[in-house]
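Novice: input_6.txt (compact mmCIF, C-alpha atoms and all ligand atoms) pasted underneath:
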# COMPACT_ATOMS: atom_id res chain seq x y z
CA MET D 1 40.44 -2.97 -8.12
CA ASN D 2 37.67 -5.58 -7.87
CA LYS D 3 34.10 -4.48 -8.49
CA ILE D 4 31.81 -4.24 -5.46
CA LYS D 5 28.64 -5.70 -6.86
CA LEU D 6 25.15 -5.20 -5.47
CA ILE D 7 24.83 -8.96 -5.06
CA LYS D 8 27.92 -11.01 -4.28
CA SER D 9 26.64 -14.57 -4.28
CA THR D 10 23.49 -16.65 -4.53
CA PHE D 11 23.59 -17.67 -0.86
CA LEU D 12 25.81 -17.32 2.17
CA ARG D 13 28.38 -20.19 2.16
CA GLU D 14 27.52 -20.80 -1.47
CA GLN D 15 29.81 -23.76 -2.20
CA ASP D 16 28.79 -25.73 0.87
CA THR D 17 25.09 -25.00 0.22
CA LYS D 18 25.39 -26.15 -3.40
CA GLU D 19 27.17 -29.37 -2.44
CA ARG D 20 24.54 -30.23 0.16
CA LEU D 21 21.82 -29.37 -2.34
CA CYS D 22 23.30 -31.79 -4.91
CA ASN D 23 23.30 -34.60 -2.34
CA PHE D 24 19.78 -33.76 -1.27
CA ILE D 25 18.50 -33.88 -4.84
CA LYS D 26 20.25 -37.21 -5.51
CA ASP D 27 18.61 -38.86 -2.50
CA ALA D 28 15.19 -37.16 -2.48
CA CYS D 29 12.10 -39.17 -3.42
CA VAL D 30 9.84 -36.09 -3.61
CA LEU D 31 10.90 -32.72 -5.02
CA SER D 32 7.51 -31.02 -5.23
CA MET D 33 6.26 -29.18 -2.11
CA GLY D 34 6.61 -31.44 0.92
CA SER D 35 8.29 -31.83 4.29
CA GLU D 36 11.26 -29.50 3.60
CA CYS D 37 8.85 -26.67 2.76
CA ARG D 38 6.77 -27.36 5.88
CA LYS D 39 9.91 -27.44 8.03
CA PHE D 40 11.05 -24.11 6.57
CA GLU D 41 7.65 -22.57 7.33
CA GLU D 42 7.88 -23.75 10.94
CA LYS D 43 11.43 -22.51 11.39
CA PHE D 44 10.52 -19.18 9.80
CA SER D 45 7.53 -18.73 12.12
CA LEU D 46 9.79 -19.34 15.11
CA LYS D 47 12.43 -16.83 13.97
CA GLN D 48 9.91 -14.18 12.95
CA GLY D 49 7.85 -14.74 16.10
CA VAL D 50 4.52 -15.43 14.39
CA LYS D 51 2.07 -18.33 14.56
CA TYR D 52 1.82 -19.13 10.85
CA SER D 53 3.95 -18.87 7.71
CA VAL D 54 3.01 -19.87 4.15
CA PHE D 55 5.93 -20.50 1.78
CA VAL D 56 5.36 -19.49 -1.87
CA THR D 57 7.32 -19.19 -5.11
CA ASN D 58 8.48 -15.56 -4.63
CA GLY D 59 7.75 -12.26 -2.91
CA SER D 60 5.66 -10.96 -5.81
CA CYS D 61 3.42 -14.05 -5.62
CA ALA D 62 3.21 -13.54 -1.86
CA ASN D 63 1.77 -10.05 -2.48
CA LEU D 64 -0.64 -11.23 -5.16
CA LEU D 65 -1.80 -14.18 -3.07
CA LEU D 66 -2.32 -12.04 0.02
CA ILE D 67 -4.50 -9.53 -1.82
CA GLN D 68 -6.44 -12.35 -3.54
CA VAL D 69 -7.18 -13.88 -0.15
CA MET D 70 -8.29 -10.50 1.24
CA LEU D 71 -10.87 -10.54 -1.57
CA ASN D 72 -11.76 -14.21 -1.07
CA MET D 73 -12.38 -13.59 2.64
CA GLY D 74 -14.42 -10.43 1.99
CA LYS D 75 -11.92 -8.20 3.84
CA LEU D 76 -11.61 -6.17 0.64
CA LYS D 77 -13.87 -5.91 -2.38
CA LYS D 78 -13.51 -4.77 -5.98
CA ASP D 79 -12.97 -1.00 -6.40
CA ASP D 80 -11.82 -0.54 -2.80
CA LYS D 81 -9.06 2.04 -2.39
CA VAL D 82 -5.69 0.87 -1.10
CA PHE D 83 -2.89 3.14 0.16
CA ILE D 84 0.56 2.21 -1.16
CA SER D 85 3.90 3.89 -0.61
CA GLY D 86 5.01 5.69 -3.76
CA LEU D 87 8.53 4.39 -3.15
CA THR D 88 8.15 0.67 -3.52
CA TRP D 89 8.63 -2.31 -5.78
CA ALA D 90 6.33 -2.65 -8.79
CA THR D 91 4.82 -5.94 -7.62
CA ASN D 92 3.70 -4.36 -4.38
CA ILE D 93 1.27 -2.26 -6.45
CA MET D 94 0.55 -4.53 -9.40
CA PRO D 95 -1.71 -6.98 -7.50
CA ILE D 96 -3.87 -4.04 -6.43
CA ILE D 97 -4.42 -3.10 -10.08
CA GLN D 98 -4.63 -6.70 -11.32
CA LEU D 99 -7.32 -7.59 -8.81
CA GLY D 100 -9.55 -4.59 -9.53
CA LEU D 101 -8.67 -2.44 -6.53
CA VAL D 102 -7.61 1.20 -6.72
CA PRO D 103 -4.05 2.10 -5.65
CA ILE D 104 -3.66 5.49 -3.96
CA LEU D 105 -0.03 6.48 -3.59
CA ILE D 106 1.38 8.23 -0.54
CA ASP D 107 4.61 10.14 -0.10
CA VAL D 108 7.49 9.06 2.14
CA GLU D 109 9.84 10.91 4.49
CA LYS D 110 13.26 11.66 3.04
CA GLU D 111 15.00 10.74 6.31
CA THR D 112 13.54 7.23 6.50
CA PHE D 113 12.47 6.54 2.89
CA ASN D 114 9.23 5.31 4.46
CA VAL D 115 5.66 6.45 5.09
CA SER D 116 5.16 8.17 8.47
CA SER D 117 1.93 8.43 10.47
CA ASN D 118 1.82 12.19 9.73
CA ILE D 119 1.99 11.63 5.99
CA LEU D 120 -0.60 8.86 6.30
CA LYS D 121 -2.95 11.11 8.25
CA LYS D 122 -2.66 13.88 5.66
CA SER D 123 -3.39 11.46 2.82
CA TYR D 124 -6.34 10.11 4.77
CA GLU D 125 -7.93 13.59 4.87
CA ASN D 126 -8.40 13.38 1.09
CA ASN D 127 -9.28 9.67 1.07
CA LYS D 128 -11.59 8.95 3.97
CA ASP D 129 -13.04 5.98 2.11
CA ILE D 130 -9.67 4.19 2.12
CA LYS D 131 -9.98 0.50 3.03
CA CYS D 132 -6.45 -0.79 3.28
CA LEU D 133 -2.83 0.26 3.75
CA PHE D 134 -0.36 -2.13 2.10
CA LEU D 135 2.78 -0.61 3.57
CA THR D 136 6.27 -1.26 2.25
CA ASN D 137 9.03 -1.32 4.86
CA ALA D 138 11.66 0.02 2.48
CA LEU D 139 15.36 -0.86 2.70
CA GLY D 140 15.34 -2.23 6.25
CA PHE D 141 13.83 0.97 7.67
CA CYS D 142 10.44 2.21 8.79
CA SER D 143 9.04 5.43 10.21
CA ASP D 144 6.75 5.45 13.28
CA ILE D 145 5.08 2.17 12.34
CA ASP D 146 3.51 1.80 15.80
CA ASN D 147 1.54 5.02 15.26
CA ILE D 148 0.63 3.87 11.75
CA LYS D 149 -0.78 0.66 13.20
CA LYS D 150 -2.73 2.64 15.82
CA PHE D 151 -4.17 5.01 13.22
CA CYS D 152 -5.25 2.08 11.03
CA GLU D 153 -6.99 0.47 14.01
CA GLU D 154 -8.77 3.73 14.88
CA LYS D 155 -10.00 4.25 11.31
CA ASP D 156 -10.72 0.58 10.62
CA ILE D 157 -8.15 0.42 7.82
CA LEU D 158 -6.85 -3.05 6.99
CA PHE D 159 -3.09 -2.94 7.60
CA LEU D 160 -0.75 -5.23 5.62
CA GLU D 161 3.06 -5.08 5.40
CA ASP D 162 5.30 -5.77 2.43
CA ASN D 163 8.41 -6.69 4.38
CA CYS D 164 10.39 -8.04 1.41
CA GLU D 165 13.22 -5.57 2.07
CA SER D 166 13.35 -5.63 5.86
CA LEU D 167 13.73 -9.14 7.26
CA GLY D 168 15.42 -8.87 10.67
CA SER D 169 14.95 -5.13 11.29
CA GLU D 170 13.38 -4.27 14.64
CA TYR D 171 11.46 -1.17 15.68
CA LYS D 172 11.21 -0.71 19.47
CA GLN D 173 12.24 -4.39 19.87
CA ILE D 174 9.45 -5.62 17.53
CA LYS D 175 10.39 -7.23 14.23
CA LEU D 176 9.15 -5.44 11.11
CA GLY D 177 6.51 -7.64 9.55
CA ASN D 178 4.77 -8.11 12.92
CA PHE D 179 2.68 -4.93 12.94
CA GLY D 180 -0.04 -5.66 10.36
CA LEU D 181 -2.57 -8.46 9.95
CA ALA D 182 -0.11 -10.16 7.60
CA SER D 183 3.28 -9.52 6.05
CA THR D 184 5.15 -10.71 2.98
CA PHE D 185 8.83 -11.63 2.49
CA SER D 186 11.10 -12.30 -0.49
CA PHE D 187 13.92 -14.83 -0.62
CA PHE D 188 15.22 -13.80 -4.02
CA VAL D 189 18.99 -13.77 -4.46
CA GLY D 190 20.38 -10.66 -2.81
CA HIS D 191 17.62 -10.43 -0.22
CA HIS D 192 18.49 -11.20 3.41
CA ILE D 193 17.92 -14.94 3.07
CA SER D 194 17.96 -16.53 -0.38
CA THR D 195 16.20 -19.66 -1.59
CA ILE D 196 17.08 -18.59 -5.20
CA GLU D 197 13.40 -17.71 -5.69
CA GLY D 198 10.99 -17.79 -2.78
CA GLY D 199 8.56 -15.81 -0.66
CA MET D 200 6.62 -16.08 2.58
CA ILE D 201 3.40 -14.74 4.07
CA CYS D 202 3.23 -14.50 7.86
CA THR D 203 0.20 -14.00 10.09
CA ASN D 204 -1.19 -14.83 13.52
CA ASP D 205 -4.71 -15.27 12.11
CA GLU D 206 -5.65 -18.94 11.75
CA ASP D 207 -8.51 -18.41 9.31
CA LEU D 208 -6.31 -16.27 7.07
CA TYR D 209 -3.58 -18.93 7.25
CA GLU D 210 -6.01 -21.64 6.09
CA ASN D 211 -7.30 -19.43 3.26
CA LEU D 212 -3.75 -18.63 2.14
CA LYS D 213 -2.94 -22.34 1.89
CA LEU D 214 -6.13 -22.93 -0.08
CA ALA D 215 -5.39 -20.13 -2.55
CA ARG D 216 -1.70 -21.10 -2.86
CA ALA D 217 -2.67 -24.39 -4.50
CA HIS D 218 -5.55 -24.38 -6.97
CA GLY D 219 -8.26 -23.54 -4.44
CA TRP D 220 -8.40 -27.07 -3.05
CA THR D 221 -8.01 -28.01 0.61
CA ARG D 222 -5.38 -30.77 0.38
CA ASN D 223 -2.87 -28.76 2.40
CA ASN D 224 -5.37 -27.54 4.98
CA SER D 225 -6.13 -28.72 8.50
CA ASN D 226 -8.71 -31.52 8.85
CA LYS D 227 -11.10 -29.15 10.60
CA PHE D 228 -10.94 -26.62 7.74
CA LYS D 229 -11.27 -29.41 5.14
CA GLU D 230 -14.36 -30.86 6.80
CA ASN D 231 -15.96 -27.43 7.21
CA MET D 232 -15.51 -26.61 3.52
CA LYS D 233 -16.71 -30.05 2.45
CA SER D 234 -19.92 -29.77 4.42
CA LYS D 235 -20.48 -26.05 3.66
CA PHE D 236 -20.47 -26.77 -0.08
CA SER D 237 -21.98 -30.30 0.17
CA ILE D 238 -19.04 -31.97 -1.57
CA ASN D 239 -19.23 -35.76 -1.77
CA ASN D 240 -16.33 -38.12 -1.05
CA PHE D 241 -15.67 -38.81 -4.73
CA TYR D 242 -15.04 -35.10 -5.45
CA ASN D 243 -13.43 -34.36 -2.10
CA THR D 244 -9.87 -33.90 -3.41
CA TYR D 245 -11.03 -32.24 -6.64
CA ALA D 246 -13.22 -29.50 -5.18
CA PHE D 247 -11.95 -26.00 -6.05
CA TYR D 248 -13.44 -23.71 -3.43
CA ASP D 249 -12.26 -20.21 -4.32
CA LEU D 250 -10.09 -18.15 -6.67
CA ALA D 251 -6.53 -19.38 -6.45
CA TYR D 252 -3.16 -19.87 -8.14
CA ASN D 253 -0.44 -22.40 -8.12
CA PHE D 254 2.28 -20.64 -6.13
CA ARG D 255 3.73 -23.75 -4.47
CA PRO D 256 7.47 -23.74 -3.89
CA THR D 257 9.57 -26.88 -4.40
CA GLU D 258 11.53 -29.03 -1.97
CA ILE D 259 14.68 -27.57 -3.54
CA ASN D 260 13.71 -24.10 -2.28
CA GLY D 261 12.60 -25.55 1.04
CA PHE D 262 15.87 -27.41 1.54
CA ILE D 263 17.93 -24.27 0.79
CA GLY D 264 15.69 -22.25 3.12
CA ASN D 265 16.32 -24.73 5.94
CA LEU D 266 20.07 -24.35 5.50
CA GLN D 267 20.10 -20.58 5.06
CA ILE D 268 17.75 -19.82 7.95
CA ASN D 269 20.44 -21.16 10.30
CA TYR D 270 22.50 -18.11 9.26
CA TRP D 271 19.67 -15.63 10.01
CA ASP D 272 21.45 -14.05 13.02
CA GLU D 273 24.83 -14.01 11.30
CA ILE D 274 23.37 -12.41 8.17
CA VAL D 275 21.40 -9.78 10.08
CA ASN D 276 24.31 -8.96 12.42
CA LYS D 277 26.77 -8.56 9.57
CA ARG D 278 24.42 -6.34 7.57
CA GLU D 279 23.74 -4.26 10.66
CA CYS D 280 27.44 -3.94 11.40
CA ASN D 281 28.16 -2.82 7.81
CA PHE D 282 25.22 -0.44 7.92
CA ASN D 283 26.55 1.22 11.09
CA LYS D 284 29.96 1.77 9.48
CA PHE D 285 28.40 3.31 6.35
CA ASN D 286 26.02 5.44 8.40
CA GLU D 287 28.75 6.76 10.70
CA ALA D 288 30.72 7.86 7.66
CA ALA D 289 27.69 9.37 5.91
CA LEU D 290 26.79 11.36 9.04
CA THR D 291 30.08 13.26 8.76
CA ASN D 292 29.27 14.40 5.21
CA ASP D 293 27.01 17.41 4.68
CA ASP D 294 26.37 16.50 1.03
CA ILE D 295 24.33 13.52 2.20
CA LEU D 296 20.95 13.76 3.91
CA LYS D 297 21.04 12.25 7.42
CA LEU D 298 19.01 9.11 8.11
CA LYS D 299 16.52 9.05 10.99
CA ILE D 300 16.71 5.63 12.61
CA ASP D 301 16.25 6.49 16.32
CA ASN D 302 13.67 3.86 17.11
CA LEU D 303 15.15 1.05 15.07
CA ASN D 304 17.11 -1.15 17.48
CA ILE D 305 18.18 -3.37 14.55
CA VAL D 306 18.66 -2.14 10.98
CA SER D 307 18.92 -5.11 8.65
CA ASN D 308 19.29 -3.63 5.19
CA PHE D 309 20.58 -4.91 1.86
CA GLY D 310 21.26 -1.57 0.20
CA PHE D 311 22.47 1.69 1.69
CA PRO D 312 20.53 4.67 0.25
CA LEU D 313 22.18 8.03 -0.31
CA LEU D 314 20.13 11.15 -0.94
CA PHE D 315 22.12 14.21 -2.05
CA ARG D 316 21.42 17.91 -1.65
CA ASP D 317 20.99 18.53 -5.37
CA LYS D 318 21.50 17.08 -8.83
CA ILE D 319 25.06 18.38 -9.15
CA LYS D 320 26.11 16.59 -5.95
CA PHE D 321 24.21 13.48 -7.01
CA GLU D 322 26.05 13.36 -10.33
CA LYS D 323 29.43 13.91 -8.68
CA TYR D 324 28.96 11.01 -6.26
CA ARG D 325 27.34 8.80 -8.90
CA ASP D 326 30.39 9.20 -11.14
CA LEU D 327 32.77 8.77 -8.23
CA PHE D 328 31.15 5.50 -7.11
CA ILE D 329 31.20 4.17 -10.68
CA LYS D 330 34.85 5.20 -11.11
CA ASN D 331 35.70 3.34 -7.90
CA GLU D 332 34.01 0.18 -9.19
CA ILE D 333 31.11 0.32 -6.75
CA GLU D 334 27.87 -0.80 -8.34
CA ILE D 335 24.94 1.54 -7.68
CA ARG D 336 21.28 1.64 -8.69
CA PRO D 337 18.16 3.81 -8.33
CA ILE D 338 16.48 3.70 -4.93
CA ILE D 339 14.10 0.74 -5.35
CA GLY D 340 12.31 1.73 -8.58
CA GLY D 341 12.41 5.47 -7.93
CA ASP D 342 9.07 7.27 -8.12
CA ILE D 343 6.70 4.43 -8.95
CA SER D 344 4.15 6.86 -10.47
CA LYS D 345 6.69 7.61 -13.22
CA GLN D 346 6.92 3.94 -14.24
CA PRO D 347 5.33 3.01 -17.59
CA PHE D 348 2.99 0.35 -16.12
CA PHE D 349 1.63 2.85 -13.59
CA ARG D 350 0.97 5.52 -16.22
CA LYS D 351 -0.79 2.97 -18.39
CA TRP D 352 -3.11 1.57 -15.73
CA VAL D 353 -3.64 4.30 -13.13
CA ASP D 354 -5.16 7.77 -13.54
CA SER D 355 -3.07 9.82 -11.16
CA ILE D 356 -1.63 13.26 -11.50
CA GLU D 357 -0.48 13.76 -7.95
CA ASP D 358 3.09 14.89 -7.37
CA PHE D 359 5.02 13.68 -4.32
CA PRO D 360 7.78 16.13 -3.43
CA ASN D 361 9.92 13.79 -1.32
CA ILE D 362 9.69 10.84 -3.67
CA SER D 363 10.42 13.12 -6.64
CA ASP D 364 13.56 14.26 -4.87
CA ILE D 365 14.61 10.67 -4.10
CA HIS D 366 13.94 9.78 -7.76
CA VAL D 367 16.28 12.47 -9.04
CA ASN D 368 18.92 12.84 -6.34
CA GLY D 369 19.33 9.39 -4.82
CA PHE D 370 21.00 6.05 -5.41
CA TYR D 371 21.97 3.04 -3.35
CA PHE D 372 24.90 0.67 -3.13
CA GLY D 373 24.78 -2.90 -1.81
CA ASN D 374 25.20 -4.07 1.75
CA ASN D 375 25.73 -7.79 2.07
CA PRO D 376 27.19 -10.12 4.68
CA GLU D 377 30.15 -11.16 2.55
CA MET D 378 31.69 -7.71 2.13
CA ASN D 379 35.34 -7.65 3.14
CA ASP D 380 37.29 -4.94 4.97
CA GLU D 381 38.82 -3.53 1.78
CA GLU D 382 35.38 -3.11 0.19
CA ILE D 383 33.84 -1.55 3.29
CA GLY D 384 36.88 0.73 3.63
CA ARG D 385 36.68 1.84 -0.01
CA ILE D 386 33.02 2.86 0.41
CA VAL D 387 33.58 4.53 3.82
CA LYS D 388 36.42 6.60 2.35
CA LEU D 389 34.16 7.94 -0.41
CA LEU D 390 31.35 8.68 2.03
CA LYS D 391 33.60 10.68 4.33
CA VAL D 392 34.90 13.19 1.82
CA THR D 393 32.67 16.11 0.83
CA GLN D 394 32.78 16.62 -2.91
C1 LIG I 1 9.27 -4.23 -1.53
C2 LIG I 1 9.32 -5.44 -2.42
N1 LIG I 1 8.19 -6.16 -2.59
C3 LIG I 1 8.18 -7.26 -3.38
C4 LIG I 1 9.31 -7.69 -4.03
C5 LIG I 1 9.23 -8.89 -4.92
O1 LIG I 1 9.94 -9.99 -4.45
P1 LIG I 1 10.41 -11.13 -5.47
O2 LIG I 1 11.59 -10.62 -6.23
O3 LIG I 1 10.74 -12.29 -4.60
O4 LIG I 1 9.26 -11.42 -6.36
C6 LIG I 1 10.51 -6.97 -3.89
C7 LIG I 1 11.71 -7.39 -4.61
O5 LIG I 1 12.80 -6.92 -4.48
C8 LIG I 1 10.52 -5.81 -3.07
O6 LIG I 1 11.62 -5.06 -2.92
What does this structure look like when you write it as structure tokens?

Specialist:
Amino acid sequence: MNKIKLIKSTFLREQDTKERLCNFIKDACVLSMGSECRKFEEKFSLKQGVKYSVFVTNGSCANLLLIQVMLNMGKLKKDDKVFISGLTWATNIMPIIQLGLVPILIDVEKETFNVSSNILKKSYENNKDIKCLFLTNALGFCSDIDNIKKFCEEKDILFLEDNCESLGSEYKQIKLGNFGLASTFSFFVGHHISTIEGGMICTNDEDLYENLKLARAHGWTRNNSNKFKENMKSKFSINNFYNTYAFYDLAYNFRPTEINGFIGNLQINYWDEIVNKRECNFNKFNEAALTNDDILKLKIDNLNIVSNFGFPLLFRDKIKFEKYRDLFIKNEIEIRPIIGGDISKQPFFRKWVDSIEDFPNISDIHVNGFYFGNNPEMNDEEIGRIVKLLKVTQ
């Protein structure tokens, strides 16, 4: 029996992609950020349906850069409180702490693994001075994100999306990542599209776009539009001699390379194929899970496309969890905790954040849940092996 791993390959059509990459590298004059990266940004904007995309080194950098730019632009300031889902990846929260903001965790629904507008509203009652919601769209799902957006608008809460786990999912025909002011994506191996390492920030806001490009590369304006460059030059009275060596604001070097850009331009052609295959697998797993009373039923009514890379299972109790955990392992199916489990239990969080709040749903997911992989290269035998296990009550 072959092992069904969480991640099967580095990219879809791996051999072909590697061969083309070798030829590209042999012939390329420039391998630092250039035309391949720009082309990938343009293609990504078209597929995602946004005006602007900024390609960066990975999804974690995308999150850090986005929060830095919120500070640079004065949309957030030091000590501001930021709502974060308690079921998320560490580097969704870390930039909040690193940049002197205060993370306030919120619980998620068990049926969607995501924050709902009701949970958000309850958390708001105790945190009326909240300034931002940096929402994770976990595992290709969301809850009622349209109501979340509406509530944020009503209360003047800055709404950002970490969409690193949900490329391609659609809620009421709108792609996840298109609800907030900006959204971040990851192209790490195993995510929907892989550039080995890579990340993206999308927005429709031109000023934010220009500021993201500035903060992606040292704080200079070399990659900005002429209009933005000239404005900055005159605003800060920079002379021609220092024009290309003026560092305007706090920044990083999060530039990707042409290698990542080239891979992105190949892999993005498979976007529909990848999303369709993941959705098709998801439907098979979900149909099987729905027949099993040991497993909590997912609520995905308003998602017209579920593009997920891991299928989460939440069991009734610890005994059931352990039974299925052992069964999956015995059947050579790799499993893992759901994202990082309860993020408030992670050592970094305990070290840096004073929080004693307990989140009942996330605690349950932490103890009684795991996920297995869903990727576009799964074969019928592998899908069948998983479906068989899901169908039988233990
Ligand atoms: C929700 C979320 N945000 C951010 C990241 C970080 O992305 P990367 O691995 O590209 O740094 C991940 C990674 O899996 C993630 O799941």

Novice: Have a look at atom CA of Phe24 of chain D and atom CA of Phe262 of chain D and let me know their distance in Å, one decimal.

Specialist: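 Atom CA of Phe24 of chain D sits 8.0 Å away from atom CA of Phe262 of chain D.
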
Novice: So which residues touch Gly373 of chain D within 6 Å, counting only C-alpha atoms, skipping near sequence neighbours fewer than 3 positions away, as number ranges by chain?

Specialist: D: 6, 309-310

Novice: Mind listing the residues within 10 Å of ligand LIG 1 (chain I), all atoms listed in the file counted, as a PyMOL selection string?

Specialist: chain D and resi 56-64+85+87-93+135-139+161-166+184-191+194-200+339-340

Novice: Interatomic distance between atom CA of Pro256 of chain D and atom CA of Ser32 of chain D?

Specialist: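 Taking atom CA of Pro256 of chain D and atom CA of Ser32 of chain D, their separation equals 7.4 Å.
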
Novice: Please provide the set of residues having any atom within 12 Å of Asp301 of chain D, restricted to all atoms listed in the file, with same-chain residues fewer than 4 positions apart removed, written as a PyMOL selection string.

Specialist: chain D and resi 111-112+141-144+170-172+297+305-306

Novice: Using all atoms listed in the file, which of D:Val30, D:Val82, D:Val108, D:Ala246 sits nearest Lys229 of chain D?

Specialist: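 For Lys229 of chain D, the nearest of the given residues is D:Ala246.
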
Novice: Choose the residue, out of D:Val392, D:Pro347, D:Glu377, D:Asp79, that has the smallest atom-to-atom separation from Ala289 of chain D; count only C-alpha atoms.

Specialist: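 The answer is D:Val392, which sits nearest to Ala289 of chain D.
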
Novice: Within 7 Å of Leu158 of chain D, counting all atoms listed in the file, which residues show up once you throw out same-chain ones fewer than 5 positions away? Write them as number ranges by chain, please.

Specialist: D: 131-133, 152

Novice: List the spatial neighbours of segment 213-226 of chain D as a ChimeraX atom specification - criterion: any atom at most 10 Å away, only C-alpha atoms, same-chain residues fewer than 2 positions off excluded.

Specialist: /D:34,53-57,61-62,65-66,68-69,72,208-211,228-233,243-256

Novice: For Leu296 of chain D, which residue among D:Lys351, D:Arg316, D:Lys155, D:Arg278 is the nearest when counting all atoms listed in the file?

Specialist: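 Comparing D:Lys351, D:Arg316, D:Lys155, D:Arg278 against Leu296 of chain D, the winner is D:Arg316.
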
Novice: Within 7 Å of segment 97-101 of chain D, counting all atoms listed in the file, which residues show up once you throw out same-chain ones fewer than 5 positions away? Write them as a ChimeraX atom specification, please.

Specialist: /D:78-81

Novice: With distances taken over only C-alpha atoms, which of D:Lys320, D:Lys5, D:Arg336, D:Lys284 is nearest to Val387 of chain D?

Specialist: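 The answer is D:Lys284, which sits nearest to Val387 of chain D.
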